[in-house]
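Enquirer: Please see the structure below; I have some questions.
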Amino acid sequence: MTKQAAPTVIDFDHEDSNTSNNPTFDSVLQARLSRRNILRGSIGTAMTAAFGGLSLTACGGGSDDGPANPVQDAVQETLLSFGAVAKTLADTVTVPAGYTATVVLATGDRLFSDVAEYKDDGTNNRYDRRSGDCHDGMEYFGLSATGAPDANSSDRCLLGMNHEYITPLFLHANGPTAGASRVASEVDIEVDAHGVAIAEFKKTGGKFGLVVDSTFNRRITGLSTIEISGPARGNAKLKTKFSTTGTQTRGTLNNCGTGKTPWGTLLTGEENWAGYFYRASGDAANRTTVLGNQANVALTRYGRGEGASRYNWETAGSEDKYARWNMTLDTTKAADGTEDYRFEINGQGYITEIDPYNATSTIKKRTALGRVAHESAAFSNPVVGKPLAVYMGDDSRGEYVYKFVSAANWVAADANPADRVATGDKYLDSGKLYVAKFNSDGTGNWVELSLNNDTVKNYATYVFADEGDVAIHTRLAADAVGATKMDRPEWCGTHPTTGEVYFTMTNNSNRRVSPSGSQQGIDAANPRAYTDIKGVSSSQQGNVNGHIVRIKETGGEPGATTFNWDVYLFGAESAASPSFVNLSSLTDDQDFSSPDGLVFSKSTGICWIQTDDGAYTDVTNCMMLAGIPGTVGDGADVTLNYGAASVTTKMGKKPTESTLKRFLVGPSQCEITGLAESPDGKVLFINVQHPGEDTSSLANPATYGSHWPGNSGYGAGGNVARPRSATVMITKNDGGRIGS
């Protein structure tokens, strides 16, 4: 989740449009606390495993990831045996002793040799041929020596990665040109710097390096043509001047978390997309006249009122590629929207599927998985003969946790299909979409979102025209059934052996003991609300440091409609008080704030936790921790007393130094995000997003918030380089598995 400031007073990254009366459990008294919170929670005992002895492939042979490692009976390893990395504000990537971090791909690096090398002066263009900006979620796709898909290859691979948004100041020679209208050439760079990259990497001398001009290399940008699939395909609310049939759209925007399908494709989540579109004053009245007030209800629920767009791309000229960013309804045009872009915004907000092994394959937005501010998409462990579940979070304050269950049951042969896009049609276009209700007793319910549910069908606030409308306006359907408002559900991950699913709740500045207006009250699944002091006197309120919730499906069934839950870790500063802040008893080697990325290693089972924080950044840069979790229910009930009132939550077992440890701290003003590993577990790729994001001027390099990775010897610029987002390769000096 980005923290990029919009060019207007509208905060497009902290959208809060959930004004429904859905439950947040019992209200309690206002809490005050001295400082910030940082994460941690219940984990099991220390794990010792033989190389390859920990087999994490799914039951029934459904995973395309293959065995974790070849068995090496004579070699033993202890996970989390590395020395914990201390908190730091250093402008570099810090890893434990015995490990090396190497940059392998940064913003502006060329994927094809027909464009110039990166110059560090803002004069590069053609970002449709380069690495985009703000690297985020990422997945590993193995390649054989001959270039065939090979899930077990640790020597050659494709990395599929998101480019979430942009840092315009560094993309242009002197920053964006001032004026009422944007410069077209600058807008072209910015649109192209968004989206997704597929890039080939190959080992040479034991280290991965980018393969320039690989036939697999591909850039999907904010302008790429993408098919609409699933129940919303051809829907009246998707018709535009570009696609009068409502079957296509252009671009994938603000791509945050990722997912990897069991058949070997990349899923990318579209997160803060609403702010990219301009909506003129008076548009609400015109929509009421032409479309009825329901149109405004829908837009308001997705945080798109009248006003400026995030980057003002619509001002760059009259060409259609710029006009599309103006979603204002033109009353002189066809009422069905086929002559303007009134419905253009409805083409964003989905889980989008890309086949990384085919650079010309069709890209599809899977509307059956709903339209929200998507983060990652985590699959249930595939089991032959059972459906697949896909777990997702909606990253806005007070939003919901979702699950999609495929209509088709898993077939082992589909792990290596002849047509990956068609296999996606099979499993992702038909099924049931659910939203979660978390009950105070540690149980939960998955509630179906479709017109088969009378509560959705008869919702008074918004009348759904058809199932496509439900898919397009998923938030409204979730409001209808009373889903539980959560603290910004971000990434999720499935434990490779237990099948339990972990969701990061990054933070929520709107959580209160005594809520008013759009604020949310505390509840069992979101039990903390406090005042935190950052630095000397800066005050922060709400669930400042976030937590991680995990669920266990009833009977371990992906299609179950009930589950159990607890809180794996509560983020907190180790020295925080009162006691209900650092509920997980985090130490100085474990404390952290604002969990965001969360990925389980298929090689070791380690739970990697990454942060995107603004609360604890006076003490440390963002970081990554390694955890060995236990299971849901391994802890105990904990009651938080807020003076005259209290709330009881389900908390997992507290971690020890052998089950949770800080592994990495990033450079200044960055977010640590994205994680992919080689099948042998010996190479870990992570992304560093927006270092130096608070830089306000290019006039004096000494005022830049960061000079990374140039100051670490990568690329042009050296110690006065413009900061760049980048992908980092982490290896262990003795050749062992990462995290041991």
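Just so we're on the same page: first chain in the structure tokens is A, next is B, and so on; residues restart at 1 for each chain, and ligands are numbered from 1 in the order they show up.
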Which residues come within 8 Å of A:Met505, counting only C-alpha atoms, excluding same-chain residues fewer than 6 positions away, as a PDB file with N, CA, C and O atoms, in the first residue's frame?
Expert:
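Listed below is the output, part.pdb:
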```pdb
ATOM      1  N   MET A 486     -12.677  -4.218   8.829  1.00  0.00           N
ATOM      2  CA  MET A 486     -11.349  -4.579   9.316  1.00  0.00           C
ATOM      3  C   MET A 486     -10.366  -3.408   9.158  1.00  0.00           C
ATOM      4  O   MET A 486     -10.653  -2.420   8.502  1.00  0.00           O
ATOM      5  N   ASP A 487      -9.188  -3.573   9.768  1.00  0.00           N
ATOM      6  CA  ASP A 487      -8.175  -2.516   9.793  1.00  0.00           C
ATOM      7  C   ASP A 487      -7.249  -2.590   8.586  1.00  0.00           C
ATOM      8  O   ASP A 487      -6.084  -2.959   8.681  1.00  0.00           O
ATOM      9  N   ARG A 488      -7.801  -2.264   7.433  1.00  0.00           N
ATOM     10  CA  ARG A 488      -7.072  -2.239   6.157  1.00  0.00           C
ATOM     11  C   ARG A 488      -6.475  -3.603   5.821  1.00  0.00           C
ATOM     12  O   ARG A 488      -5.257  -3.807   5.918  1.00  0.00           O
ATOM     13  N   PRO A 489      -7.288  -4.547   5.406  1.00  0.00           N
ATOM     14  CA  PRO A 489      -6.777  -5.872   5.019  1.00  0.00           C
ATOM     15  C   PRO A 489      -5.844  -5.757   3.817  1.00  0.00           C
ATOM     16  O   PRO A 489      -6.257  -5.313   2.747  1.00  0.00           O
ATOM     17  N   GLU A 490      -4.608  -6.139   4.012  1.00  0.00           N
ATOM     18  CA  GLU A 490      -3.617  -6.041   2.938  1.00  0.00           C
ATOM     19  C   GLU A 490      -3.317  -7.421   2.382  1.00  0.00           C
ATOM     20  O   GLU A 490      -4.199  -8.109   1.908  1.00  0.00           O
ATOM     21  N   GLY A 546      -1.046  -1.934  13.686  1.00  0.00           N
ATOM     22  CA  GLY A 546      -1.584  -3.068  12.957  1.00  0.00           C
ATOM     23  C   GLY A 546      -1.399  -4.419  13.623  1.00  0.00           C
ATOM     24  O   GLY A 546      -0.780  -4.552  14.691  1.00  0.00           O
ATOM     25  N   HIS A 547      -1.927  -5.455  12.973  1.00  0.00           N
ATOM     26  CA  HIS A 547      -1.846  -6.813  13.489  1.00  0.00           C
ATOM     27  C   HIS A 547      -2.057  -7.797  12.344  1.00  0.00           C
ATOM     28  O   HIS A 547      -2.339  -7.397  11.215  1.00  0.00           O
ATOM     29  N   ILE A 548      -1.903  -9.079  12.639  1.00  0.00           N
ATOM     30  CA  ILE A 548      -2.087 -10.134  11.636  1.00  0.00           C
ATOM     31  C   ILE A 548      -3.135 -11.116  12.141  1.00  0.00           C
ATOM     32  O   ILE A 548      -2.980 -11.707  13.220  1.00  0.00           O
ATOM     33  N   VAL A 549      -4.186 -11.274  11.361  1.00  0.00           N
ATOM     34  CA  VAL A 549      -5.264 -12.213  11.683  1.00  0.00           C
ATOM     35  C   VAL A 549      -5.070 -13.481  10.864  1.00  0.00           C
ATOM     36  O   VAL A 549      -4.653 -13.424   9.701  1.00  0.00           O
ATOM     37  N   SER A 594       2.974  -1.756  11.265  1.00  0.00           N
ATOM     38  CA  SER A 594       2.295  -1.732   9.967  1.00  0.00           C
ATOM     39  C   SER A 594       2.697  -2.886   9.049  1.00  0.00           C
ATOM     40  O   SER A 594       3.329  -2.690   8.007  1.00  0.00           O
ATOM     41  N   PRO A 595       2.327  -4.113   9.411  1.00  0.00           N
ATOM     42  CA  PRO A 595       2.582  -5.247   8.522  1.00  0.00           C
ATOM     43  C   PRO A 595       1.835  -5.070   7.212  1.00  0.00           C
ATOM     44  O   PRO A 595       0.697  -4.640   7.194  1.00  0.00           O
ATOM     45  N   ASP A 596       2.488  -5.418   6.128  1.00  0.00           N
ATOM     46  CA  ASP A 596       1.908  -5.219   4.802  1.00  0.00           C
ATOM     47  C   ASP A 596       2.093  -6.488   3.988  1.00  0.00           C
ATOM     48  O   ASP A 596       1.206  -7.333   3.910  1.00  0.00           O
TER      49      ASP A 596
END
```
Enquirer: Mind checking which residues fall within 12 Å of A:Arg528, counting only C-alpha atoms, ignoring those fewer than 6 positions away in the same chain, and posting them as a count of residues only?
Expert: 50
Enquirer: Just the residues within 9 Å of A:Gly83, please, counting only C-alpha atoms, with nothing from its chain fewer than 4 positions along; format it as number ranges by chain.
Expert: A: 96-97, 661-663
Enquirer: Nearest residue to A:Gly282 out of A:Glu227, A:Asp330, A:Asp155, A:Asp213, using only C-alpha atoms?
Expert: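 Checking each candidate against A:Gly282, we get A:Asp330 as the closest.
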Enquirer: Name the residues of stretch 186-314 of chain A that come out as strand (DSSP E or B) in a backbone DSSP run; write them as a ChimeraX atom specification.
Expert: /A:195-204,207-210,218-220,225-229,248-250,255-260,266-270,278-279,307
Enquirer: Excluding A:Thr360 and its own-chain neighbours fewer than 5 positions away, which residues fall within 12 Å of it when counting only C-alpha atoms? Please give them as a PyMOL selection string.
Expert: chain A and resi 198+215-220+224-226+354-355+421
Enquirer: Any chance you can output those residues with all heavy atoms as a JSON list (two decimals), in the first residue's frame?
Expert:
```
[["chain", "number", "residue", "atom", "x", "y", "z"],
["A", 198, "ILE", "N", 7.32, -8.50, -16.77],
["A", 198, "ILE", "CA", 7.80, -9.88, -16.79],
["A", 198, "ILE", "C", 9.25, -9.80, -17.27],
["A", 198, "ILE", "O", 9.50, -9.27, -18.36],
["A", 198, "ILE", "CB", 6.99, -10.79, -17.72],
["A", 198, "ILE", "CG1", 5.48, -10.68, -17.42],
["A", 198, "ILE", "CG2", 7.48, -12.23, -17.63],
["A", 198, "ILE", "CD1", 5.07, -11.15, -16.05],
["A", 215, "THR", "N", 13.03, -13.07, -25.02],
["A", 215, "THR", "CA", 11.73, -13.16, -25.70],
["A", 215, "THR", "C", 10.58, -13.25, -24.70],
["A", 215, "THR", "O", 9.41, -13.08, -25.08],
["A", 215, "THR", "CB", 11.68, -14.38, -26.63],
["A", 215, "THR", "OG1", 11.96, -15.56, -25.87],
["A", 215, "THR", "CG2", 12.69, -14.23, -27.76],
["A", 216, "PHE", "N", 10.91, -13.50, -23.43],
["A", 216, "PHE", "CA", 9.88, -13.55, -22.39],
["A", 216, "PHE", "C", 9.61, -12.17, -21.79],
["A", 216, "PHE", "O", 8.56, -11.96, -21.16],
["A", 216, "PHE", "CB", 10.30, -14.49, -21.26],
["A", 216, "PHE", "CG", 10.39, -15.94, -21.66],
["A", 216, "PHE", "CD1", 11.62, -16.53, -21.89],
["A", 216, "PHE", "CD2", 9.24, -16.70, -21.81],
["A", 216, "PHE", "CE1", 11.71, -17.88, -22.25],
["A", 216, "PHE", "CE2", 9.32, -18.04, -22.17],
["A", 216, "PHE", "CZ", 10.55, -18.63, -22.39],
["A", 217, "ASN", "N", 10.54, -11.24, -21.93],
["A", 217, "ASN", "CA", 10.38, -9.93, -21.32],
["A", 217, "ASN", "C", 9.13, -9.23, -21.85],
["A", 217, "ASN", "O", 8.85, -9.27, -23.06],
["A", 217, "ASN", "CB", 11.61, -9.05, -21.57],
["A", 217, "ASN", "CG", 12.83, -9.52, -20.80],
["A", 217, "ASN", "OD1", 12.74, -10.42, -19.96],
["A", 217, "ASN", "ND2", 13.97, -8.92, -21.08],
["A", 218, "ARG", "N", 8.41, -8.59, -20.96],
["A", 218, "ARG", "CA", 7.14, -7.98, -21.34],
["A", 218, "ARG", "C", 6.80, -6.86, -20.36],
["A", 218, "ARG", "O", 7.07, -6.96, -19.17],
["A", 218, "ARG", "CB", 6.03, -9.04, -21.31],
["A", 218, "ARG", "CG", 4.67, -8.56, -21.78],
["A", 218, "ARG", "CD", 3.65, -9.69, -21.70],
["A", 218, "ARG", "NE", 2.43, -9.40, -22.43],
["A", 218, "ARG", "CZ", 1.36, -10.20, -22.48],
["A", 218, "ARG", "NH1", 1.38, -11.37, -21.85],
["A", 218, "ARG", "NH2", 0.29, -9.86, -23.18],
["A", 219, "ARG", "N", 6.23, -5.80, -20.89],
["A", 219, "ARG", "CA", 5.69, -4.74, -20.03],
["A", 219, "ARG", "C", 4.21, -4.57, -20.31],
["A", 219, "ARG", "O", 3.80, -4.39, -21.46],
["A", 219, "ARG", "CB", 6.43, -3.42, -20.29],
["A", 219, "ARG", "CG", 7.78, -3.37, -19.62],
["A", 219, "ARG", "CD", 7.68, -3.17, -18.09],
["A", 219, "ARG", "NE", 7.38, -1.76, -17.80],
["A", 219, "ARG", "CZ", 6.23, -1.35, -17.26],
["A", 219, "ARG", "NH1", 5.27, -2.20, -16.94],
["A", 219, "ARG", "NH2", 6.05, -0.06, -17.04],
["A", 220, "ILE", "N", 3.43, -4.67, -19.25],
["A", 220, "ILE", "CA", 2.00, -4.36, -19.29],
["A", 220, "ILE", "C", 1.85, -3.03, -18.59],
["A", 220, "ILE", "O", 2.27, -2.89, -17.42],
["A", 220, "ILE", "CB", 1.16, -5.46, -18.62],
["A", 220, "ILE", "CG1", 1.34, -6.80, -19.35],
["A", 220, "ILE", "CG2", -0.30, -5.07, -18.60],
["A", 220, "ILE", "CD1", 2.36, -7.71, -18.70],
["A", 224, "SER", "N", -2.17, -0.76, -21.85],
["A", 224, "SER", "CA", -2.30, -2.07, -22.51],
["A", 224, "SER", "C", -3.76, -2.52, -22.60],
["A", 224, "SER", "O", -4.54, -2.33, -21.66],
["A", 224, "SER", "CB", -1.49, -3.12, -21.75],
["A", 224, "SER", "OG", -0.13, -2.76, -21.69],
["A", 225, "THR", "N", -4.11, -3.15, -23.70],
["A", 225, "THR", "CA", -5.46, -3.67, -23.88],
["A", 225, "THR", "C", -5.63, -4.96, -23.08],
["A", 225, "THR", "O", -4.80, -5.87, -23.17],
["A", 225, "THR", "CB", -5.75, -3.94, -25.35],
["A", 225, "THR", "OG1", -5.65, -2.71, -26.08],
["A", 225, "THR", "CG2", -7.15, -4.52, -25.54],
["A", 226, "ILE", "N", -6.71, -5.03, -22.30],
["A", 226, "ILE", "CA", -6.96, -6.18, -21.42],
["A", 226, "ILE", "C", -8.42, -6.61, -21.57],
["A", 226, "ILE", "O", -9.33, -5.77, -21.63],
["A", 226, "ILE", "CB", -6.66, -5.82, -19.95],
["A", 226, "ILE", "CG1", -5.18, -5.40, -19.81],
["A", 226, "ILE", "CG2", -6.97, -6.99, -19.03],
["A", 226, "ILE", "CD1", -4.80, -4.96, -18.41],
["A", 354, "ILE", "N", -2.12, -12.88, -15.83],
["A", 354, "ILE", "CA", -1.14, -12.78, -16.92],
["A", 354, "ILE", "C", -0.37, -14.09, -17.01],
["A", 354, "ILE", "O", 0.11, -14.61, -16.00],
["A", 354, "ILE", "CB", -0.15, -11.63, -16.65],
["A", 354, "ILE", "CG1", -0.90, -10.29, -16.49],
["A", 354, "ILE", "CG2", 0.89, -11.53, -17.76],
["A", 354, "ILE", "CD1", -0.07, -9.20, -15.86],
["A", 355, "ASP", "N", -0.23, -14.62, -18.22],
["A", 355, "ASP", "CA", 0.60, -15.79, -18.44],
["A", 355, "ASP", "C", 2.03, -15.31, -18.68],
["A", 355, "ASP", "O", 2.33, -14.75, -19.74],
["A", 355, "ASP", "CB", 0.11, -16.59, -19.65],
["A", 355, "ASP", "CG", 0.95, -17.83, -19.92],
["A", 355, "ASP", "OD1", 1.93, -18.07, -19.19],
["A", 355, "ASP", "OD2", 0.63, -18.56, -20.89],
["A", 421, "VAL", "N", -4.13, -19.61, -20.03],
["A", 421, "VAL", "CA", -5.22, -18.64, -19.98],
["A", 421, "VAL", "C", -6.57, -19.36, -19.94],
["A", 421, "VAL", "O", -7.47, -18.98, -19.18],
["A", 421, "VAL", "CB", -5.15, -17.68, -21.18],
["A", 421, "VAL", "CG1", -6.35, -16.73, -21.19],
["A", 421, "VAL", "CG2", -3.85, -16.88, -21.13]]
```
Enquirer: Report as a ChimeraX atom specification: the residues of stretch 145-299 of chain A with a DSSP assignment of alpha helix (DSSP H), based on the backbone of this structure.
Expert: /A:168-171,184-192,283-291,294-299
Enquirer: Restricting the output to N, CA, C and O atoms, write the selected residues as a compact mmCIF listing (two decimals), in the first residue's frame.
Expert:
```
# COMPACT_ATOMS: atom_id res chain seq x y z
N PRO A 168 6.85 11.02 -9.48
CA PRO A 168 7.03 11.89 -10.65
C PRO A 168 8.26 12.79 -10.56
O PRO A 168 8.87 13.10 -11.58
N LEU A 169 8.63 13.21 -9.35
CA LEU A 169 9.77 14.11 -9.20
C LEU A 169 11.03 13.53 -9.81
O LEU A 169 11.82 14.24 -10.44
N PHE A 170 11.22 12.21 -9.67
CA PHE A 170 12.46 11.59 -10.13
C PHE A 170 12.38 11.07 -11.57
O PHE A 170 13.41 10.75 -12.17
N LEU A 171 11.18 10.99 -12.14
CA LEU A 171 11.02 10.45 -13.48
C LEU A 171 11.33 11.46 -14.57
O LEU A 171 11.53 11.09 -15.73
N ALA A 184 2.31 16.10 -22.57
CA ALA A 184 1.95 14.77 -23.06
C ALA A 184 3.09 13.78 -22.93
O ALA A 184 2.89 12.63 -22.52
N SER A 185 4.32 14.19 -23.28
CA SER A 185 5.45 13.27 -23.22
C SER A 185 5.73 12.82 -21.79
O SER A 185 6.16 11.68 -21.56
N GLU A 186 5.47 13.68 -20.84
CA GLU A 186 5.66 13.32 -19.43
C GLU A 186 4.57 12.35 -18.98
O GLU A 186 4.84 11.39 -18.23
N VAL A 187 3.36 12.59 -19.41
CA VAL A 187 2.26 11.69 -19.07
C VAL A 187 2.50 10.31 -19.65
O VAL A 187 2.24 9.29 -19.00
N ASP A 188 3.02 10.25 -20.87
CA ASP A 188 3.31 8.95 -21.49
C ASP A 188 4.29 8.16 -20.64
O ASP A 188 4.13 6.94 -20.45
N ILE A 189 5.31 8.82 -20.12
CA ILE A 189 6.27 8.15 -19.24
C ILE A 189 5.57 7.63 -17.99
O ILE A 189 5.77 6.49 -17.58
N GLU A 190 4.72 8.45 -17.39
CA GLU A 190 4.08 8.09 -16.13
C GLU A 190 3.10 6.93 -16.29
O GLU A 190 3.04 6.03 -15.44
N VAL A 191 2.32 6.96 -17.37
CA VAL A 191 1.37 5.86 -17.62
C VAL A 191 2.13 4.56 -17.86
O VAL A 191 1.76 3.50 -17.32
N ASP A 192 3.21 4.64 -18.63
CA ASP A 192 3.99 3.44 -18.93
C ASP A 192 4.75 2.91 -17.72
O ASP A 192 5.06 1.72 -17.65
N ASP A 283 -21.02 16.67 -12.19
CA ASP A 283 -21.19 15.33 -12.75
C ASP A 283 -22.21 14.52 -11.96
O ASP A 283 -22.97 13.73 -12.55
N ALA A 284 -22.25 14.71 -10.65
CA ALA A 284 -23.21 13.95 -9.83
C ALA A 284 -24.64 14.27 -10.25
O ALA A 284 -25.48 13.37 -10.38
N ALA A 285 -24.92 15.54 -10.47
CA ALA A 285 -26.27 15.94 -10.89
C ALA A 285 -26.61 15.37 -12.26
O ALA A 285 -27.73 14.88 -12.50
N ASN A 286 -25.64 15.41 -13.17
CA ASN A 286 -25.88 14.87 -14.51
C ASN A 286 -26.11 13.36 -14.46
O ASN A 286 -26.95 12.83 -15.21
N ARG A 287 -25.38 12.66 -13.62
CA ARG A 287 -25.58 11.21 -13.52
C ARG A 287 -26.95 10.88 -12.95
O ARG A 287 -27.59 9.92 -13.37
N THR A 288 -27.39 11.68 -11.99
CA THR A 288 -28.73 11.46 -11.44
C THR A 288 -29.78 11.61 -12.54
O THR A 288 -30.72 10.81 -12.64
N THR A 289 -29.61 12.62 -13.38
CA THR A 289 -30.57 12.87 -14.46
C THR A 289 -30.56 11.75 -15.50
O THR A 289 -31.62 11.28 -15.93
N VAL A 290 -29.37 11.31 -15.89
CA VAL A 290 -29.26 10.34 -16.99
C VAL A 290 -29.34 8.90 -16.50
O VAL A 290 -29.99 8.05 -17.13
N LEU A 291 -28.69 8.61 -15.37
CA LEU A 291 -28.56 7.23 -14.92
C LEU A 291 -29.33 6.91 -13.64
O LEU A 291 -29.50 5.75 -13.30
N GLN A 294 -28.51 5.97 -8.22
CA GLN A 294 -27.75 4.77 -7.88
C GLN A 294 -26.31 4.87 -8.40
O GLN A 294 -25.38 4.35 -7.78
N ALA A 295 -26.11 5.56 -9.51
CA ALA A 295 -24.77 5.73 -10.06
C ALA A 295 -23.87 6.48 -9.10
O ALA A 295 -22.69 6.17 -8.94
N ASN A 296 -24.41 7.49 -8.43
CA ASN A 296 -23.64 8.25 -7.46
C ASN A 296 -23.40 7.47 -6.18
O ASN A 296 -22.33 7.59 -5.57
N VAL A 297 -24.36 6.67 -5.79
CA VAL A 297 -24.17 5.81 -4.62
C VAL A 297 -22.98 4.89 -4.84
O VAL A 297 -22.12 4.72 -3.96
N ALA A 298 -22.90 4.32 -6.03
CA ALA A 298 -21.82 3.39 -6.34
C ALA A 298 -20.47 4.10 -6.35
O ALA A 298 -19.49 3.60 -5.78
N LEU A 299 -20.39 5.26 -6.99
CA LEU A 299 -19.11 5.97 -7.05
C LEU A 299 -18.66 6.44 -5.68
O LEU A 299 -17.47 6.38 -5.34
```
Enquirer: Excluding same-chain residues fewer than 5 positions from stretch 178-180 of chain A, what lies within 10 Å of it counting only C-alpha atoms, as a PyMOL selection string?
Expert: chain A and resi 312+315-316
Enquirer: Mind dumping the selected residues with all heavy atoms as a PDB file, in the first residue's frame?
Expert:
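The resulting file, result24.pdb, is reproduced below:
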```pdb
ATOM      1  N   ASN A 312      -3.556  14.190 -12.992  1.00  0.00           N
ATOM      2  CA  ASN A 312      -4.068  15.116 -14.011  1.00  0.00           C
ATOM      3  C   ASN A 312      -3.723  14.695 -15.441  1.00  0.00           C
ATOM      4  O   ASN A 312      -3.491  15.537 -16.320  1.00  0.00           O
ATOM      5  CB  ASN A 312      -3.552  16.538 -13.750  1.00  0.00           C
ATOM      6  CG  ASN A 312      -3.980  17.073 -12.405  1.00  0.00           C
ATOM      7  OD1 ASN A 312      -5.110  16.856 -11.972  1.00  0.00           O
ATOM      8  ND2 ASN A 312      -3.070  17.751 -11.716  1.00  0.00           N
ATOM      9  N   THR A 315      -5.441  16.099 -18.723  1.00  0.00           N
ATOM     10  CA  THR A 315      -5.173  17.449 -19.245  1.00  0.00           C
ATOM     11  C   THR A 315      -4.081  17.470 -20.316  1.00  0.00           C
ATOM     12  O   THR A 315      -3.745  18.539 -20.839  1.00  0.00           O
ATOM     13  CB  THR A 315      -4.747  18.390 -18.106  1.00  0.00           C
ATOM     14  OG1 THR A 315      -3.463  17.977 -17.591  1.00  0.00           O
ATOM     15  CG2 THR A 315      -5.759  18.382 -16.979  1.00  0.00           C
ATOM     16  N   ALA A 316      -3.518  16.311 -20.668  1.00  0.00           N
ATOM     17  CA  ALA A 316      -2.353  16.274 -21.555  1.00  0.00           C
ATOM     18  C   ALA A 316      -2.688  16.477 -23.028  1.00  0.00           C
ATOM     19  O   ALA A 316      -1.782  16.639 -23.850  1.00  0.00           O
ATOM     20  CB  ALA A 316      -1.608  14.950 -21.383  1.00  0.00           C
TER      21      ALA A 316
END
```
Enquirer: Hey, what's within 12 Å of A:Ser585 if we count only C-alpha atoms and toss same-chain stuff fewer than 4 positions away? As a PyMOL selection string, please?
Expert: chain A and resi 37-42+569-581+589-592+651-657+660
Enquirer: Can you tell me how far atom CA of A:Gly222 sits from atom CA of A:Lys426, in Å to one decimal?
Expert: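 These atoms are spaced 26.6 Å apart.
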Enquirer: Using only C-alpha atoms, which protein or nucleic acid residues come within 10 Å of A:Glu467? Drop anything in the same chain fewer than 5 positions from it, and give the result as a list of chain:residue names.
Expert: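 Those residues are A:Gly230, A:Pro231, A:Ala232, A:Asn235, A:Ala368, A:Leu449, A:Ser450, A:Leu451, A:Asn452, A:Lys457, A:Ile472, A:His473.
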Enquirer: Taking into account only C-alpha atoms, which residue in the set A:Thr265, A:Ser706, A:Thr100, A:Ser318 is nearest to A:Ser361?
Expert: A:Thr265
Enquirer: My list of candidates is A:His172, A:Lys432, A:Lys87, A:Arg366. Which is closest to A:Asn124 when distances are computed with only C-alpha atoms?
Expert: A:His172
